[in-house]
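Participant: Data: structure-v2.cif, mmCIF, C-alpha atoms.
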data_input
loop_
_atom_site.label_atom_id
_atom_site.label_comp_id
_atom_site.auth_asym_id
_atom_site.auth_seq_id
_atom_site.Cartn_x
_atom_site.Cartn_y
_atom_site.Cartn_z
CA MET A 1 198.77 95.04 82.09
CA ASN A 2 201.78 95.41 79.75
CA ARG A 3 202.55 93.30 76.65
CA ARG A 4 205.19 91.18 78.44
CA THR A 5 202.76 90.28 81.21
CA LEU A 6 200.11 89.28 78.65
CA ILE A 7 202.58 86.99 76.81
CA GLN A 8 203.73 85.39 80.06
CA GLY A 9 200.12 84.84 81.11
CA ALA A 10 199.22 83.25 77.78
CA ALA A 11 202.24 80.95 77.96
CA ALA A 12 201.36 79.88 81.49
CA SER A 13 197.79 79.18 80.37
CA VAL A 14 198.98 76.93 77.52
CA LEU A 15 201.34 75.01 79.79
CA ALA A 16 198.53 74.43 82.24
CA THR A 17 196.18 72.81 79.71
CA PRO A 18 195.55 69.06 80.18
CA LEU A 19 196.96 68.09 76.77
CA ALA A 20 200.31 69.70 77.46
CA SER A 21 200.70 68.76 81.09
CA PRO A 22 202.58 65.59 82.08
CA SER A 23 200.21 65.34 85.04
CA HIS A 24 197.40 64.59 82.60
CA ALA A 25 198.90 61.18 81.81
CA GLN A 26 199.85 60.67 85.46
CA ALA A 27 196.25 61.24 86.57
CA TRP A 28 194.92 58.63 84.15
CA PRO A 29 192.58 56.84 84.59
CA THR A 30 189.80 58.81 86.24
CA LYS A 31 186.89 57.04 84.53
CA PRO A 32 186.06 53.65 82.97
CA ILE A 33 187.93 52.58 79.83
CA ARG A 34 185.91 51.56 76.78
CA LEU A 35 187.13 48.45 74.98
CA ILE A 36 185.54 48.31 71.54
CA PHE A 37 184.93 44.72 70.49
CA PRO A 38 184.34 44.65 66.72
CA PHE A 39 182.60 41.26 66.70
CA GLY A 40 179.40 39.87 68.17
CA ALA A 41 178.98 38.87 71.81
CA GLY A 42 179.36 35.27 72.91
CA VAL A 43 182.53 34.31 71.04
CA GLN A 44 185.35 32.37 72.69
CA SER A 45 187.34 35.51 73.55
CA ASP A 46 184.55 36.95 75.74
CA PRO A 47 185.36 35.20 79.07
CA PHE A 48 189.08 35.78 78.52
CA LEU A 49 188.65 39.52 77.97
CA ARG A 50 186.27 39.89 80.90
CA LEU A 51 188.80 38.23 83.19
CA ILE A 52 191.54 40.59 82.01
CA GLY A 53 189.18 43.54 82.55
CA GLN A 54 188.33 42.41 86.06
CA ARG A 55 191.98 42.19 87.07
CA LEU A 56 192.85 45.42 85.31
CA HIS A 57 190.14 47.08 87.41
CA GLU A 58 191.81 45.76 90.54
CA SER A 59 195.20 47.19 89.55
CA ILE A 60 194.33 50.59 88.04
CA GLY A 61 191.09 51.36 89.87
CA GLN A 62 188.86 51.64 86.81
CA PRO A 63 187.02 48.94 84.84
CA TRP A 64 187.05 48.46 81.13
CA VAL A 65 183.61 48.26 79.64
CA ILE A 66 183.23 46.07 76.54
CA ASP A 67 181.39 47.92 73.78
CA TYR A 68 180.20 45.48 71.11
CA LYS A 69 180.24 46.97 67.61
CA PRO A 70 180.05 44.04 65.17
CA GLY A 71 179.74 44.23 61.41
CA ALA A 72 181.70 44.35 58.16
CA THR A 73 184.15 41.68 59.39
CA GLY A 74 185.25 43.89 62.26
CA MET A 75 185.65 47.14 60.34
CA ILE A 76 182.69 48.99 61.90
CA GLY A 77 184.08 48.72 65.41
CA SER A 78 187.65 49.31 64.27
CA THR A 79 186.62 52.50 62.45
CA ALA A 80 184.84 53.72 65.57
CA ALA A 81 188.06 53.22 67.53
CA LYS A 82 190.11 55.03 64.90
CA ILE A 83 188.09 58.25 65.26
CA ALA A 84 187.81 58.13 69.07
CA PRO A 85 189.76 60.70 71.12
CA PRO A 86 193.34 59.49 71.77
CA ASP A 87 193.07 60.03 75.51
CA GLY A 88 193.55 56.50 76.83
CA TYR A 89 189.83 55.93 77.45
CA THR A 90 189.12 54.04 74.21
CA LEU A 91 190.85 50.80 73.27
CA LEU A 92 190.19 48.32 70.49
CA PHE A 93 190.30 44.55 70.62
CA ALA A 94 192.18 43.78 67.42
CA ALA A 95 192.77 40.66 65.36
CA ASN A 96 194.78 40.48 62.17
CA SER A 97 191.61 39.43 60.37
CA SER A 98 189.84 42.70 61.23
CA LEU A 99 192.70 45.17 61.66
CA VAL A 100 194.98 44.10 58.81
CA ILE A 101 193.26 41.81 56.31
CA SER A 102 189.69 43.14 55.99
CA PRO A 103 190.73 46.68 54.91
CA MET A 104 192.94 45.18 52.19
CA LEU A 105 189.85 43.78 50.50
CA LEU A 106 188.40 47.26 49.86
CA ARG A 107 189.42 49.73 47.18
CA LYS A 108 189.15 52.54 49.73
CA PRO A 109 190.15 51.10 53.13
CA PRO A 110 188.59 52.91 56.12
CA TYR A 111 191.82 52.75 58.10
CA ASP A 112 195.44 51.68 58.03
CA ALA A 113 196.57 49.40 60.86
CA GLN A 114 200.00 50.99 61.18
CA ARG A 115 199.05 54.63 60.60
CA ASP A 116 195.76 54.98 62.47
CA PHE A 117 196.39 52.95 65.62
CA THR A 118 198.93 52.78 68.41
CA PRO A 119 199.89 49.20 69.36
CA VAL A 120 199.48 48.47 73.07
CA THR A 121 200.14 44.76 73.40
CA MET A 122 199.75 41.47 71.60
CA LEU A 123 197.81 39.01 73.74
CA LEU A 124 198.14 35.69 71.95
CA ARG A 125 198.02 33.92 68.64
CA TYR A 126 196.71 30.58 67.48
CA PRO A 127 197.13 28.51 64.34
CA PHE A 128 194.44 27.06 62.16
CA TYR A 129 193.67 23.36 62.43
CA LEU A 130 193.46 21.60 59.06
CA VAL A 131 190.63 19.07 59.28
CA VAL A 132 189.17 16.89 56.54
CA SER A 133 186.02 14.86 56.10
CA LYS A 134 186.21 11.40 57.64
CA ASP A 135 185.09 10.04 54.25
CA LEU A 136 188.04 11.55 52.38
CA PRO A 137 190.59 8.77 51.73
CA VAL A 138 193.59 10.62 53.22
CA ARG A 139 195.34 10.43 56.58
CA SER A 140 198.18 12.89 56.06
CA VAL A 141 198.91 16.18 54.32
CA PRO A 142 201.05 14.55 51.60
CA GLU A 143 198.15 12.19 50.84
CA LEU A 144 195.77 15.17 50.67
CA ILE A 145 198.07 17.02 48.28
CA ALA A 146 198.48 13.93 46.11
CA LEU A 147 194.71 13.42 45.94
CA ALA A 148 194.13 17.10 45.06
CA LYS A 149 196.71 16.88 42.25
CA ALA A 150 195.07 13.73 40.96
CA ARG A 151 191.65 15.39 40.97
CA PRO A 152 192.28 19.08 40.07
CA GLY A 153 189.32 21.26 41.02
CA LYS A 154 187.31 18.32 42.34
CA LEU A 155 188.08 18.70 46.07
CA ASN A 156 186.62 21.69 47.92
CA VAL A 157 187.58 23.69 50.97
CA ALA A 158 185.04 25.43 53.21
CA SER A 159 185.46 28.92 54.64
CA ILE A 160 183.38 31.44 56.55
CA GLY A 161 183.26 33.83 53.61
CA GLN A 162 185.11 35.48 50.75
CA GLY A 163 188.19 37.24 52.09
CA SER A 164 187.91 35.77 55.59
CA GLY A 165 190.91 34.40 57.44
CA THR A 166 189.72 30.86 56.74
CA HIS A 167 189.54 31.69 53.03
CA LEU A 168 192.97 33.29 52.84
CA ILE A 169 194.68 30.48 54.72
CA ALA A 170 193.13 28.03 52.25
CA GLU A 171 194.45 30.09 49.34
CA LEU A 172 197.89 30.27 50.94
CA PHE A 173 197.90 26.49 51.34
CA LYS A 174 196.81 25.99 47.73
CA ALA A 175 199.55 28.29 46.47
CA ARG A 176 202.31 26.73 48.55
CA ALA A 177 201.20 23.14 47.87
CA GLY A 178 200.57 23.76 44.16
CA VAL A 179 197.05 22.34 44.14
CA ASP A 180 193.72 23.33 42.60
CA ILE A 181 190.97 23.08 45.25
CA THR A 182 187.57 24.78 44.93
CA HIS A 183 186.67 27.39 47.53
CA VAL A 184 183.15 27.12 49.00
CA PRO A 185 182.16 30.01 51.33
CA TYR A 186 179.61 29.50 54.12
CA LYS A 187 177.82 32.15 56.15
CA ALA A 188 179.12 31.04 59.54
CA ALA A 189 181.77 28.87 61.16
CA SER A 190 179.09 26.50 62.47
CA ALA A 191 177.86 25.88 58.91
CA ALA A 192 181.38 25.30 57.60
CA VAL A 193 182.19 22.82 60.36
CA LEU A 194 178.91 21.01 59.80
CA ALA A 195 179.65 20.77 56.08
CA VAL A 196 182.98 19.03 56.72
CA SER A 197 181.55 16.73 59.40
CA THR A 198 178.79 15.56 57.02
CA GLY A 199 181.05 15.22 53.99
CA GLU A 200 179.47 18.11 52.09
CA ALA A 201 182.87 19.82 52.20
CA ASP A 202 186.22 18.03 51.99
CA MET A 203 188.34 20.22 54.22
CA TYR A 204 188.34 23.30 56.46
CA PHE A 205 190.84 25.37 58.43
CA ASP A 206 189.27 25.74 61.88
CA SER A 207 190.44 26.78 65.34
CA VAL A 208 191.74 23.90 67.48
CA SER A 209 189.27 24.56 70.31
CA SER A 210 186.34 24.47 67.89
CA ALA A 211 187.36 21.39 65.89
CA LEU A 212 188.87 19.22 68.61
CA PRO A 213 185.55 17.85 69.95
CA LEU A 214 184.66 16.74 66.41
CA VAL A 215 188.08 15.13 66.01
CA HIS A 216 187.64 13.22 69.28
CA ALA A 217 184.15 12.14 68.19
CA GLY A 218 185.54 10.82 64.92
CA LYS A 219 183.43 13.18 62.80
CA VAL A 220 186.44 14.88 61.15
CA ARG A 221 190.12 13.99 60.82
CA ALA A 222 192.90 16.40 61.82
CA LEU A 223 195.97 16.56 59.59
CA ALA A 224 198.07 19.55 60.66
CA VAL A 225 198.31 22.93 62.36
CA THR A 226 199.39 26.03 60.45
CA GLY A 227 201.67 27.65 63.03
CA PRO A 228 205.46 27.46 63.38
CA ARG A 229 205.39 24.75 66.08
CA ARG A 230 203.23 21.95 67.43
CA LEU A 231 200.68 22.75 70.12
CA PRO A 232 200.74 21.21 73.61
CA ILE A 233 196.99 20.52 73.36
CA VAL A 234 197.50 18.37 70.21
CA PRO A 235 201.15 17.30 70.42
CA ASP A 236 200.78 14.47 67.89
CA THR A 237 199.50 16.80 65.17
CA PRO A 238 202.36 18.06 62.97
CA THR A 239 202.74 21.53 61.52
CA LEU A 240 202.14 21.99 57.80
CA ALA A 241 205.81 22.86 57.44
CA GLU A 242 206.96 19.51 58.77
CA ALA A 243 204.06 17.40 57.46
CA ALA A 244 204.43 18.42 53.82
CA ASN A 245 207.84 20.07 53.70
CA LEU A 246 206.22 23.50 53.30
CA THR A 247 209.23 25.33 54.71
CA GLY A 248 208.42 28.51 56.60
CA PHE A 249 204.66 28.03 56.44
CA ASP A 250 203.36 30.15 59.33
CA ALA A 251 199.81 31.49 59.31
CA THR A 252 198.08 32.32 62.56
CA ILE A 253 195.33 34.50 63.97
CA TRP A 254 196.53 36.92 66.61
CA TRP A 255 194.67 38.99 69.16
CA GLY A 256 195.88 42.23 70.63
CA ILE A 257 194.93 45.59 72.08
CA VAL A 258 195.45 48.86 70.19
CA ALA A 259 194.53 52.48 70.86
CA PRO A 260 193.77 55.41 68.54
CA ALA A 261 196.91 56.95 67.05
CA GLY A 262 198.28 59.69 69.25
CA THR A 263 197.39 58.12 72.59
CA PRO A 264 200.03 59.37 75.08
CA GLU A 265 203.03 57.04 75.40
CA PRO A 266 202.97 56.89 79.24
CA ILE A 267 199.35 55.64 79.13
CA VAL A 268 200.16 53.09 76.42
CA ARG A 269 203.15 51.87 78.42
CA ARG A 270 201.21 51.50 81.63
CA LEU A 271 198.37 49.66 79.92
CA SER A 272 200.81 47.33 78.21
CA ASP A 273 202.69 46.56 81.41
CA GLU A 274 199.50 45.86 83.36
CA ILE A 275 197.93 43.65 80.68
CA LEU A 276 201.13 41.66 80.15
CA ARG A 277 201.39 41.09 83.90
CA ILE A 278 197.81 39.81 83.98
CA VAL A 279 198.03 37.43 81.01
CA ALA A 280 201.21 35.92 82.48
CA MET A 281 199.27 34.75 85.55
CA PRO A 282 199.20 30.94 85.83
CA ASP A 283 195.42 30.54 85.56
CA LEU A 284 195.23 32.67 82.40
CA LYS A 285 198.14 30.84 80.86
CA ALA A 286 196.42 27.52 81.64
CA ARG A 287 193.25 28.83 80.00
CA MET A 288 195.19 29.75 76.87
CA ASP A 289 196.95 26.38 76.72
CA SER A 290 193.63 24.56 76.99
CA GLN A 291 192.31 26.46 73.95
CA GLY A 292 195.37 25.93 71.79
CA TRP A 293 196.34 29.59 72.15
CA GLU A 294 199.99 30.64 72.28
CA PRO A 295 200.71 33.53 74.69
CA ILE A 296 202.76 36.30 73.08
CA GLY A 297 203.60 38.48 76.08
CA GLN A 298 205.20 41.39 74.22
CA GLY A 299 204.68 45.14 74.35
CA PRO A 300 204.15 48.00 71.88
CA GLU A 301 207.49 47.80 70.06
CA HIS A 302 207.21 44.07 69.37
CA PHE A 303 203.60 44.51 68.27
CA ALA A 304 204.57 47.28 65.83
CA ASP A 305 207.38 45.13 64.39
CA TYR A 306 205.01 42.17 64.00
CA LEU A 307 202.53 44.32 62.06
CA ARG A 308 205.28 45.52 59.72
CA THR A 309 206.59 42.03 58.99
CA GLU A 310 203.29 40.13 58.77
CA THR A 311 201.28 42.56 56.64
CA PRO A 312 203.17 41.98 53.34
CA GLN A 313 202.32 38.25 53.31
CA TRP A 314 198.58 38.95 53.30
CA ALA A 315 198.87 42.00 51.05
CA ASP A 316 200.75 40.01 48.41
CA LEU A 317 198.20 37.19 48.57
CA VAL A 318 195.21 39.54 48.26
CA LYS A 319 196.83 41.35 45.33
CA ARG A 320 197.79 38.15 43.51
CA LEU A 321 194.30 36.66 43.88
CA ASN A 322 192.58 40.01 43.24
CA ILE A 323 190.20 39.36 46.14
CA ARG A 324 187.71 42.18 46.69
CA THR A 325 184.57 42.43 48.81
CA ASP A 326 183.31 45.81 47.53
#
Take the structure in the file and write it out as structure tokens.
Facilitator:
Amino acid sequence: MNRRTLIQGAAASVLATPLASPSHAQAWPTKPIRLIFPFGAGVQSDPFLRLIGQRLHESIGQPWVIDYKPGATGMIGSTAAKIAPPDGYTLLFAANSSLVISPMLLRKPPYDAQRDFTPVTMLLRYPFYLVVSKDLPVRSVPELIALAKARPGKLNVASIGQGSGTHLIAELFKARAGVDITHVPYKAASAAVLAVSTGEADMYFDSVSSALPLVHAGKVRALAVTGPRRLPIVPDTPTLAEAANLTGFDATIWWGIVAPAGTPEPIVRRLSDEILRIVAMPDLKARMDSQGWEPIGQGPEHFADYLRTETPQWADLVKRLNIRTD
């Protein structure tokens, strides 16, 4: 065999490898897809994700299997997704709390949301629900701010831990409103909610679906939502921006799906298209509305833009407050 034949054979061999062949992406998927969930089982997103997985199975012929990897405020599971092969068979359920904020609190972050992951699609977002103790003598955000200014450092705000989303939203509110309110971290959301309902804590930024039963029962009082617009589920509750003239106040939790960096674009595109089609179905939209969730319905490019524009707000806050968890 002459030298030319050897070179031609080697070139043909390289072109035939799965990584270089367009047919590799076209053949996907040939096995189940692992969705790493970086939190514990049993949270409110579980039924929602399982329903998406069931319908994705129907459309692409393979199920996604939820792999629970909780710990370190979502960073254990997220790190596992970062180092997984970028072949379209590992996805990560991402929230801004775990993907963006938690790494900022470490001197040596285990990953970078924009560098180490490929955005697939944003699923939804939801605002926080500002609730106060029924014993606190306020019925509006301006009254709360006035009371806090009259009693600097005397009121307290519960959270689910140092550096958590509920902590940072409280700090953002304090900074924008110009008030001094003491932060009191609790070990779990249930403990924080209980503290506000019993009067141990004065206020808390909760999810609407979690706090609404307590509001209806008269155990806590709702003052505002932290998103850019009112929610259909609580239409009489104003946004912080309109309630207290905090122009541009917009702080929400979002959920999305990302893949390890380098996942082939045709696979990412197909996944995004299928998931967006599923979450737009009427019964899923109704489920989201009933929870106070706002459907996003945008693909990889929008998700990437959102990450770029949202990240500086939290980075600036963490830097200014010098919040660290290590």
Participant: Do you know which residues are at most 10 Å from Leu194 of chain A counting all atoms listed in the file, after dropping those on the same chain fewer than 6 positions away, and could you put them as a VMD selection string?
Facilitator: chain A and resid 200 to 201 214 219 to 220
Participant: Starting from the displayed file, determine the output of the PyMOL selection byres ((chain A and resi 268) around 9) and express the residue list as a ChimeraX atom specification.
Facilitator: /A:88,118-121,258-259,263-267,269-273,300
Participant: Go through A:Pro38, A:Gly199, A:Pro295, A:Gly262 one by one, measure the shortest atom-to-atom distance of each to Arg277 of chain A using all atoms listed in the file, and give the residue with the smallest value.
Facilitator: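 The answer is A:Pro295, which sits nearest to Arg277 of chain A.
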Participant: Nearest to Phe48 of chain A: which of A:Ala150, A:Leu124, A:Leu317, A:Ala81 is it, counting all atoms listed in the file?
Facilitator: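 Closest to Phe48 of chain A of all the choices is A:Leu124.
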Participant: Decode the PyMOL selection byres ((chain A and resi 98) around 9) for the given file into explicit residues and return them as a PyMOL selection string.
Facilitator: chain A and resi 38+72-75+78+94-97+99-103
Participant: So how far away is atom CA of Pro152 of chain A from atom CA of Ile181 of chain A, in Å?
Facilitator: 6.7 Å
Participant: What gap, in Å, lies between atom CA of Gly227 of chain A and atom CA of Tyr68 of chain A?
Facilitator: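 So the answer is 29.1 Å.
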